[in-house]
$ cat structure-v2.cif   # mmCIF, C-alpha atoms
data_final
#
loop_
_atom_site.label_atom_id
_atom_site.label_comp_id
_atom_site.auth_asym_id
_atom_site.auth_seq_id
_atom_site.Cartn_x
_atom_site.Cartn_y
_atom_site.Cartn_z
CA MET A 1 27.98 52.21 -7.20
CA ASP A 2 24.65 53.93 -7.04
CA ARG A 3 21.50 52.39 -5.65
CA ARG A 4 19.98 51.48 -9.03
CA LYS A 5 23.10 49.69 -10.25
CA PHE A 6 23.46 47.83 -6.98
CA LEU A 7 19.88 46.57 -7.20
CA GLU A 8 20.33 45.51 -10.82
CA LYS A 9 23.53 43.61 -10.13
CA SER A 10 22.26 41.88 -7.02
CA GLY A 11 19.11 40.84 -8.91
CA VAL A 12 21.19 39.24 -11.67
CA ALA A 13 23.41 37.49 -9.14
CA LEU A 14 20.40 36.15 -7.23
CA ALA A 15 18.76 34.81 -10.40
CA GLY A 16 22.01 33.16 -11.45
CA THR A 17 22.68 31.40 -8.19
CA SER A 18 19.09 30.22 -7.75
CA GLY A 19 19.13 28.84 -11.29
CA VAL A 20 22.33 26.90 -10.63
CA LEU A 21 21.13 25.67 -7.27
CA SER A 22 17.80 24.46 -8.61
CA LEU A 23 19.39 22.40 -11.40
CA PRO A 24 19.79 19.20 -9.39
CA LEU A 25 16.22 19.63 -8.19
CA LEU A 26 14.94 19.86 -11.76
CA THR A 27 16.92 16.86 -12.95
CA SER A 28 15.79 14.76 -10.00
CA CYS A 29 12.17 15.59 -10.84
CA THR A 30 12.51 14.50 -14.43
CA ALA A 31 14.49 11.36 -13.61
CA SER A 32 12.51 8.15 -13.56
CA SER A 33 11.16 7.34 -10.13
CA GLN A 34 11.83 3.68 -10.64
CA SER A 35 15.36 2.50 -10.16
CA ALA A 36 17.12 0.49 -12.80
CA ASP A 37 18.04 -2.27 -10.37
CA SER A 38 14.40 -3.18 -9.80
CA PRO A 39 13.86 -6.93 -10.04
CA LEU A 40 10.64 -6.23 -11.91
CA SER A 41 12.12 -4.68 -15.04
CA GLY A 42 12.00 -6.65 -18.24
CA ARG A 43 8.89 -8.65 -17.34
CA ARG A 44 5.37 -8.08 -18.57
CA TRP A 45 2.88 -10.39 -16.93
CA GLY A 46 -0.22 -11.43 -18.79
CA MET A 47 -2.97 -14.02 -18.65
CA VAL A 48 -4.93 -16.02 -21.17
CA ILE A 49 -8.37 -17.31 -20.16
CA ASP A 50 -9.44 -20.24 -22.29
CA LEU A 51 -13.23 -20.10 -22.04
CA SER A 52 -13.68 -23.45 -23.78
CA ARG A 53 -11.90 -25.16 -20.89
CA CYS A 54 -13.59 -23.07 -18.19
CA SER A 55 -16.56 -24.80 -16.64
CA GLU A 56 -19.44 -22.56 -15.68
CA ASP A 57 -20.26 -24.16 -12.35
CA CYS A 58 -16.67 -24.25 -11.13
CA THR A 59 -15.61 -21.69 -8.52
CA ALA A 60 -12.09 -22.96 -7.80
CA CYS A 61 -10.32 -19.79 -8.92
CA MET A 62 -12.64 -17.49 -7.03
CA ASP A 63 -12.41 -19.51 -3.82
CA ALA A 64 -8.63 -19.71 -4.07
CA CYS A 65 -8.43 -15.95 -4.61
CA ARG A 66 -10.58 -15.26 -1.58
CA SER A 67 -8.56 -17.42 0.76
CA GLU A 68 -5.19 -16.30 -0.61
CA ASN A 69 -5.85 -12.56 -0.68
CA ASN A 70 -8.36 -12.21 2.17
CA VAL A 71 -10.99 -10.83 -0.19
CA ALA A 72 -14.04 -9.77 1.79
CA PHE A 73 -17.30 -11.62 1.41
CA HIS A 74 -20.17 -10.34 3.53
CA GLY A 75 -23.03 -12.11 1.78
CA ASP A 76 -24.52 -8.78 0.71
CA GLU A 77 -23.91 -7.70 -2.86
CA ARG A 78 -23.53 -4.07 -1.81
CA TRP A 79 -20.39 -4.78 0.19
CA ASP A 80 -19.00 -7.92 -1.43
CA ILE A 81 -15.63 -7.66 -3.10
CA HIS A 82 -14.60 -9.81 -6.04
CA TRP A 83 -11.11 -9.81 -7.46
CA ILE A 84 -12.22 -12.41 -9.97
CA ARG A 85 -15.87 -13.07 -10.76
CA ARG A 86 -18.18 -14.50 -13.39
CA VAL A 87 -20.23 -12.08 -15.45
CA ASN A 88 -22.39 -12.34 -18.55
CA ILE A 89 -21.30 -10.13 -21.40
CA SER A 90 -22.60 -9.73 -24.94
CA PRO A 91 -20.86 -8.44 -28.07
CA LYS A 92 -21.20 -4.74 -28.62
CA ASP A 93 -22.63 -5.10 -32.15
CA SER A 94 -24.92 -8.05 -31.57
CA GLU A 95 -28.59 -7.47 -32.25
CA HIS A 96 -29.74 -10.54 -30.41
CA ARG A 97 -27.98 -10.29 -27.08
CA ASP A 98 -26.28 -13.65 -26.96
CA GLU A 99 -24.70 -13.46 -23.57
CA LYS A 100 -21.53 -15.25 -22.73
CA SER A 101 -20.41 -16.15 -19.24
CA VAL A 102 -16.81 -15.04 -18.72
CA LEU A 103 -14.40 -14.62 -15.87
CA LEU A 104 -13.76 -10.96 -15.25
CA MET A 105 -10.91 -9.53 -13.24
CA CYS A 106 -8.59 -6.56 -13.26
CA ASN A 107 -7.24 -6.49 -16.82
CA HIS A 108 -3.95 -4.87 -15.78
CA CYS A 109 -4.16 -2.43 -18.66
CA ASP A 110 -1.02 -1.02 -20.20
CA ASN A 111 -2.85 2.32 -20.18
CA PRO A 112 -4.62 2.00 -16.85
CA PRO A 113 -7.41 4.60 -16.51
CA CYS A 114 -7.54 3.94 -12.76
CA ALA A 115 -3.90 4.98 -12.33
CA GLN A 116 -4.41 8.07 -14.49
CA VAL A 117 -7.22 9.40 -12.33
CA CYS A 118 -5.78 8.54 -8.94
CA PRO A 119 -5.21 11.91 -7.25
CA VAL A 120 -2.60 10.59 -4.81
CA GLN A 121 -0.83 8.11 -7.09
CA ALA A 122 -1.84 5.26 -4.85
CA THR A 123 -2.77 3.25 -7.93
CA TYR A 124 0.12 2.77 -10.29
CA LYS A 125 1.57 0.36 -12.78
CA ARG A 126 4.55 -1.61 -11.57
CA GLU A 127 7.48 -2.02 -13.89
CA ASP A 128 6.33 -5.54 -14.75
CA GLY A 129 2.96 -4.18 -15.88
CA ILE A 130 0.86 -5.13 -12.87
CA VAL A 131 -1.54 -2.43 -11.74
CA VAL A 132 -1.63 -2.29 -7.96
CA VAL A 133 -2.96 -0.07 -5.20
CA ASP A 134 -0.71 1.20 -2.45
CA HIS A 135 -3.31 0.94 0.29
CA HIS A 136 -1.17 3.00 2.64
CA ARG A 137 -1.63 5.94 0.31
CA CYS A 138 -5.20 5.36 -0.88
CA ILE A 139 -7.58 8.02 0.42
CA GLY A 140 -10.72 6.16 -0.64
CA CYS A 141 -11.99 8.74 -3.14
CA ARG A 142 -13.21 5.99 -5.53
CA TYR A 143 -12.20 7.81 -8.71
CA CYS A 144 -10.54 4.59 -9.87
CA MET A 145 -13.82 2.71 -9.53
CA ILE A 146 -15.51 5.23 -11.79
CA ALA A 147 -12.62 5.23 -14.26
CA CYS A 148 -12.27 1.47 -14.60
CA PRO A 149 -14.18 0.40 -17.73
CA TYR A 150 -14.26 -3.21 -16.55
CA ASN A 151 -15.79 -2.54 -13.11
CA ALA A 152 -12.91 -4.45 -11.63
CA ARG A 153 -12.39 -2.10 -8.70
CA PHE A 154 -14.15 -2.56 -5.40
CA PHE A 155 -14.35 -0.47 -2.28
CA ASN A 156 -14.09 -1.60 1.32
CA TYR A 157 -17.24 -0.20 2.83
CA LEU A 158 -16.89 -2.49 5.83
CA GLU A 159 -14.12 -4.20 7.70
CA ASN A 160 -13.46 -7.68 6.47
CA PRO A 161 -14.59 -10.13 9.18
CA GLU A 162 -12.53 -13.02 7.77
CA TRP A 163 -8.77 -13.33 7.75
CA PRO A 164 -7.92 -16.71 6.21
CA ASN A 165 -4.34 -15.96 5.11
CA LYS A 166 -2.64 -14.29 8.05
CA ASP A 167 0.67 -13.89 6.20
CA PHE A 168 -1.01 -11.52 3.76
CA PRO A 169 -2.64 -8.25 4.77
CA ARG A 170 -6.35 -7.72 4.46
CA ARG A 171 -7.72 -4.28 3.55
CA SER A 172 -9.08 -1.99 6.15
CA HIS A 173 -12.26 0.00 5.75
CA GLY A 174 -12.02 2.93 3.31
CA VAL A 175 -9.68 1.82 0.52
CA ALA A 176 -10.25 0.58 -3.01
CA GLU A 177 -8.82 -2.70 -4.20
CA SER A 178 -8.64 -5.07 -7.13
CA CYS A 179 -6.76 -8.10 -8.41
CA THR A 180 -2.96 -7.80 -8.17
CA PHE A 181 -2.13 -10.92 -10.22
CA CYS A 182 -0.96 -12.15 -6.80
CA ALA A 183 2.08 -9.88 -7.02
CA HIS A 184 3.38 -11.19 -3.71
CA ARG A 185 3.38 -14.74 -5.07
CA LEU A 186 4.97 -13.70 -8.37
CA ASP A 187 7.80 -11.99 -6.47
CA GLU A 188 8.43 -15.33 -4.78
CA GLY A 189 8.41 -17.15 -8.11
CA LEU A 190 4.97 -18.71 -7.70
CA GLN A 191 1.96 -18.52 -10.02
CA PRO A 192 -1.18 -16.59 -9.04
CA ALA A 193 -3.52 -18.48 -6.72
CA CYS A 194 -6.36 -18.67 -9.27
CA VAL A 195 -4.08 -20.15 -11.94
CA GLU A 196 -2.80 -22.77 -9.55
CA ALA A 197 -6.33 -23.62 -8.36
CA CYS A 198 -7.60 -23.91 -11.93
CA ARG A 199 -4.80 -26.29 -12.80
CA ASN A 200 -5.38 -28.33 -9.64
CA ALA A 201 -9.10 -28.52 -10.48
CA GLY A 202 -8.08 -30.15 -13.75
CA HIS A 203 -9.32 -27.43 -16.09
CA GLY A 204 -6.18 -25.47 -16.91
CA ALA A 205 -8.29 -22.68 -18.33
CA LEU A 206 -6.12 -19.94 -16.86
CA ILE A 207 -2.68 -19.62 -18.42
CA PHE A 208 -0.30 -17.12 -16.92
CA GLY A 209 3.16 -15.98 -17.90
CA ASP A 210 5.55 -13.36 -19.16
CA LEU A 211 4.42 -11.67 -22.38
CA ASN A 212 7.95 -10.40 -22.97
CA ASP A 213 9.31 -13.92 -22.99
CA PRO A 214 8.73 -15.32 -26.50
CA ASN A 215 9.02 -18.89 -25.21
CA SER A 216 6.28 -18.62 -22.58
CA GLU A 217 2.98 -20.34 -23.26
CA VAL A 218 1.13 -17.07 -22.91
CA SER A 219 3.19 -15.37 -25.61
CA ARG A 220 2.76 -18.35 -27.88
CA MET A 221 -1.01 -18.35 -27.40
CA VAL A 222 -1.29 -14.60 -27.91
CA ALA A 223 0.76 -14.90 -31.09
CA GLU A 224 -0.85 -18.00 -32.58
CA GLU A 225 -4.36 -18.42 -31.17
CA PRO A 226 -7.31 -16.12 -31.98
CA VAL A 227 -7.29 -14.38 -28.63
CA LYS A 228 -9.47 -11.37 -27.89
CA ARG A 229 -9.53 -8.76 -25.19
CA ILE A 230 -12.59 -7.09 -23.77
CA ARG A 231 -13.34 -3.79 -25.50
CA GLU A 232 -10.03 -3.44 -27.28
CA ASP A 233 -11.43 -0.33 -28.97
CA TRP A 234 -11.02 1.65 -25.77
CA GLY A 235 -7.25 1.58 -26.13
CA THR A 236 -6.63 0.53 -22.56
CA GLU A 237 -4.42 -2.32 -23.83
CA PRO A 238 -5.48 -4.96 -21.30
CA LYS A 239 -3.17 -7.87 -20.54
CA VAL A 240 -5.93 -10.41 -19.92
CA PHE A 241 -6.65 -12.27 -23.15
CA TYR A 242 -9.69 -14.45 -23.82
CA LEU A 243 -9.80 -17.50 -26.04
CA GLY A 244 -13.28 -18.27 -27.33
CA LEU A 245 -14.81 -14.92 -26.50
CA MET B 1 8.41 57.80 28.62
CA GLN B 2 10.17 57.52 31.95
CA GLU B 3 6.99 58.55 33.66
CA ARG B 4 4.96 55.98 31.80
CA LEU B 5 7.26 53.11 32.71
CA SER B 6 7.34 54.01 36.34
CA GLY B 7 3.56 54.33 36.19
CA LEU B 8 3.43 50.68 35.17
CA PHE B 9 5.00 49.63 38.43
CA THR B 10 2.79 51.37 40.91
CA ARG B 11 1.73 49.25 43.83
CA ASN B 12 -1.61 48.21 42.35
CA ASN B 13 -0.15 47.38 39.01
CA ARG B 14 2.65 45.36 40.46
CA ILE B 15 0.24 42.66 41.61
CA ALA B 16 -1.47 42.54 38.24
CA VAL B 17 1.85 42.31 36.41
CA THR B 18 3.04 39.54 38.71
CA ILE B 19 -0.12 37.51 38.13
CA PHE B 20 0.19 38.04 34.40
CA VAL B 21 3.82 36.91 34.35
CA VAL B 22 3.03 33.85 36.44
CA ILE B 23 0.22 32.83 34.09
CA ILE B 24 2.46 33.25 31.06
CA LEU B 25 5.33 31.30 32.58
CA ALA B 26 3.24 28.54 34.17
CA PRO B 27 3.21 26.20 31.13
CA PHE B 28 6.97 26.53 30.72
CA ALA B 29 7.51 25.82 34.37
CA TYR B 30 5.19 22.84 34.16
CA SER B 31 7.09 21.39 31.23
CA LEU B 32 10.28 21.69 33.27
CA VAL B 33 8.96 19.82 36.29
CA ARG B 34 6.83 17.36 34.30
CA PRO B 35 9.54 14.70 33.86
CA VAL B 36 9.87 14.60 37.64
CA LEU B 37 6.13 14.47 38.24
CA THR B 38 5.43 11.78 35.66
CA ARG B 39 8.41 9.56 36.31
CA GLY B 40 7.51 5.99 35.45
CA SER B 41 5.02 6.68 32.69
CA SER B 42 7.30 8.13 30.02
CA PRO B 43 8.02 5.83 27.06
CA ASN B 44 11.68 5.64 27.96
CA ASP B 45 10.71 4.12 31.27
CA VAL B 46 8.41 1.52 29.72
CA PHE B 47 10.05 -1.78 30.31
CA ILE B 48 10.12 -4.03 27.32
CA GLU B 49 11.62 -7.42 27.69
CA LEU B 50 13.76 -7.92 24.63
CA PRO B 51 13.46 -11.30 22.96
CA ASP B 52 16.48 -13.55 23.46
CA THR B 53 16.44 -14.83 19.89
CA GLY B 54 19.61 -13.04 18.84
CA GLU B 55 20.30 -10.12 16.56
CA CYS B 56 17.65 -7.78 15.20
CA VAL B 57 17.93 -6.39 11.67
CA ARG B 58 19.42 -3.19 13.12
CA ASP B 59 20.88 -2.35 16.51
CA THR B 60 18.66 -1.57 19.46
CA GLU B 61 19.26 2.18 19.50
CA TYR B 62 18.37 2.50 15.81
CA MET B 63 15.28 0.37 16.16
CA ARG B 64 14.12 2.27 19.22
CA PHE B 65 14.10 5.63 17.46
CA HIS B 66 13.85 4.82 13.76
CA HIS B 67 11.89 1.58 13.35
CA MET B 68 9.10 3.54 11.67
CA ASP B 69 11.52 4.90 9.07
CA LEU B 70 12.83 1.42 8.38
CA LEU B 71 9.27 0.13 7.98
CA LYS B 72 8.41 2.95 5.57
CA GLU B 73 11.53 2.43 3.47
CA THR B 74 10.90 -1.29 3.30
CA ARG B 75 7.29 -0.68 2.38
CA GLU B 76 8.29 1.56 -0.55
CA ASP B 77 10.79 -1.03 -1.71
CA VAL B 78 8.28 -3.86 -1.58
CA ILE B 79 5.20 -2.29 -3.10
CA ARG B 80 6.71 0.26 -5.47
CA ARG B 81 9.85 -1.53 -6.62
CA GLY B 82 9.07 -5.16 -5.91
CA ILE B 83 12.24 -5.62 -3.86
CA ARG B 84 11.34 -8.12 -1.18
CA GLY B 85 14.27 -8.17 1.19
CA ASP B 86 14.84 -9.81 4.53
CA ILE B 87 12.79 -7.29 6.46
CA THR B 88 9.15 -8.28 6.59
CA PHE B 89 6.30 -7.72 8.98
CA THR B 90 5.96 -11.45 9.47
CA GLY B 91 9.70 -11.47 10.14
CA CYS B 92 9.21 -9.06 13.07
CA ARG B 93 6.67 -11.54 14.38
CA ASP B 94 9.34 -14.24 14.67
CA CYS B 95 10.99 -12.59 17.67
CA HIS B 96 8.63 -9.84 18.79
CA THR B 97 5.84 -12.35 19.02
CA TYR B 98 2.85 -10.27 19.97
CA ARG B 99 1.99 -6.62 19.78
CA GLY B 100 0.51 -6.29 23.27
CA GLN B 101 4.07 -6.44 24.56
CA PHE B 102 6.20 -5.09 21.75
CA CYS B 103 4.09 -2.42 20.05
CA ASN B 104 1.24 -1.24 22.21
CA LYS B 105 3.20 -0.74 25.42
CA CYS B 106 5.22 2.22 24.12
CA HIS B 107 2.63 3.54 21.70
CA ASP B 108 0.03 3.59 24.46
CA ALA B 109 2.41 5.41 26.76
CA VAL B 110 2.83 8.20 24.20
CA THR B 111 -0.86 7.97 23.17
CA LEU B 112 0.07 7.16 19.59
CA ASN B 113 -2.38 5.21 17.49
CA VAL B 114 -0.67 3.01 14.93
CA ASP B 115 -2.94 1.78 12.14
CA CYS B 116 -0.68 -1.03 10.93
CA PHE B 117 -2.83 -3.72 12.42
CA GLY B 118 -6.07 -2.89 10.65
CA CYS B 119 -4.57 -4.65 7.64
CA HIS B 120 -1.47 -6.54 8.79
CA TYR B 121 -1.98 -9.47 11.10
CA TYR B 122 0.01 -9.28 14.30
CA PRO B 123 -1.01 -11.37 17.31
CA GLU B 124 -2.45 -9.29 20.11
CA SER B 125 -1.41 -11.52 23.00
CA ALA B 126 0.91 -14.43 23.71
CA GLU B 127 -2.01 -16.86 23.32
CA ASP B 128 -2.83 -15.48 19.87
CA SER B 129 0.78 -15.90 18.89
CA LEU B 130 0.79 -19.53 19.98
CA ARG B 131 -2.44 -20.16 18.10
CA LEU B 132 -0.88 -18.65 14.95
CA GLU B 133 2.07 -20.99 15.24
CA GLY B 134 -0.31 -23.88 15.73
CA GLU B 135 -2.05 -22.97 12.49
CA GLY B 136 1.23 -23.49 10.70
CA HIS B 137 2.07 -19.91 9.75
CA ASP B 138 5.73 -19.15 9.73
CA GLY B 139 5.25 -16.08 11.90
#
$ encode --input "structure-v2.cif" --output "structure tokens"
Amino acid sequence: MDRRKFLEKSGVALAGTSGVLSLPLLTSCTASSQSADSPLSGRRWGMVIDLSRCSEDCTACMDACRSENNVAFHGDERWDIHWIRRVNISPKDSEHRDEKSVLLMCNHCDNPPCAQVCPVQATYKREDGIVVVDHHRCIGCRYCMIACPYNARFFNYLENPEWPNKDFPRRSHGVAESCTFCAHRLDEGLQPACVEACRNAGHGALIFGDLNDPNSEVSRMVAEEPVKRIREDWGTEPKVFYLGL
Amino acid sequence: MQERLSGLFTRNNRIAVTIFVVIILAPFAYSLVRPVLTRGSSPNDVFIELPDTGECVRDTEYMRFHHMDLLKETREDVIRRGIRGDITFTGCRDCHTYRGQFCNKCHDAVTLNVDCFGCHYYPESAEDSLRLEGEGHDG
């Protein structure tokens, strides 16, 4: 065998073996990262906010959220973090700006812009549709805050001085955060803290449940009542529905 | 060639070469005698009183060397896949009651900064741990 033939043959052999060896690597890359035995699969959490039952001077949901999730409140609007807050919004096409006071929180979009822009995949959509931040992985670049059309993302510029719920982590300085639909409570079979607080306050304006379950109250309301979502035209497919918007 | 090599080992050069070799070998020699010099301050010599509350989630040897792997795996399971098993940070707190004794002692000895506790609550001292129990947390 002369030199040229030897080189040719060894080249072919090398290409063949590397192709075969890299097959499992390729298939593992394309395989879904989420395992089938996840307890989250099959669910799709959503919320309906009934604005007619929501009283404007009530802060039960916001207080409950703060004490459940250790959401930082410094008393300075530059650093304050709100997972759920009250804002005034007006219809896009209204000439006279008739503002409406609504509760605004992370909308847990089905097409979450925050997760799309996250350079380290710290923000992602869980299998049950909840958009959460893996704070261990967050590098604090704040792309998600820019991407979120609902301004639902907040950044920890300072350490949180309060720690009301010691069984739940607070967020350290330098990470972004937003509402998680109280994912830790849902995994235990409880309702989110704001929903529970609203019910205990006697309003029942927040209704929470599984959108995939046709018998849940949320699905029924979404199907039968004239619910609206904020800026549906953006195509983010939010899972927070408003009644009376 | 022969001449060159022998030229390297003339009397004057021999001293220079010896000094050079000593300087090069000094760090290696130091690393050999270091365990003897620093006996008592290595993490393996740090005495940690194990809690007498029974079995841990894994055996002692595994936990000593791989507790960080276990924590990372559990973390991925909980936040990515929503699998909340028996292993929780608050669960560690049940037996290893405060971090001054059970975390910081070793990590300080190896000058390792863990950033778990910026976000996760873990009592710093025995008094903190008692206060936490008094507040009615299950930790």
$ resolve_selection --input "structure-v2.cif" --expression "the PyMOL selection byres ((chain B and resi 71) around 12)" --output "list in words"
Val57, Arg58, Met63, Phe65, His66, His67, Met68, Asp69, Leu70, Lys72, Glu73, Thr74, Arg75, Glu76, Asp77, Val78, Gly85, Asp86, Ile87, Thr88, Phe89, Gly91, Cys92 and Cys116 of chain B
$ closest_residue --input "structure-v2.cif" --among "B:Leu130, B:Val114, B:Ile79, B:Leu32" --to "chain A" --atoms "all atoms listed in the file"
B:Ile79
$ closest_residue --input "structure-v2.cif" --among "A:Ala176, A:Leu211, A:Val218, A:Val133" --to "chain B" --atoms "all atoms listed in the file"
A:Val133
$ closest_residue --input "structure-v2.cif" --among "B:His96, B:Val17, B:Lys105, B:Thr90" --to "B:Cys56" --atoms "only C-alpha atoms"
B:His96
$ interface_residues --input "structure-v2.cif" --of "chain B" --to "chain A" --cutoff "8 Å" --atoms "only C-alpha atoms" --output "list in words"
Ile79, Arg80, Arg81, Gly82, Ile83, Arg84, Thr90, Gly118, Cys119, His120, Tyr121, His137 and Gly139 of chain B
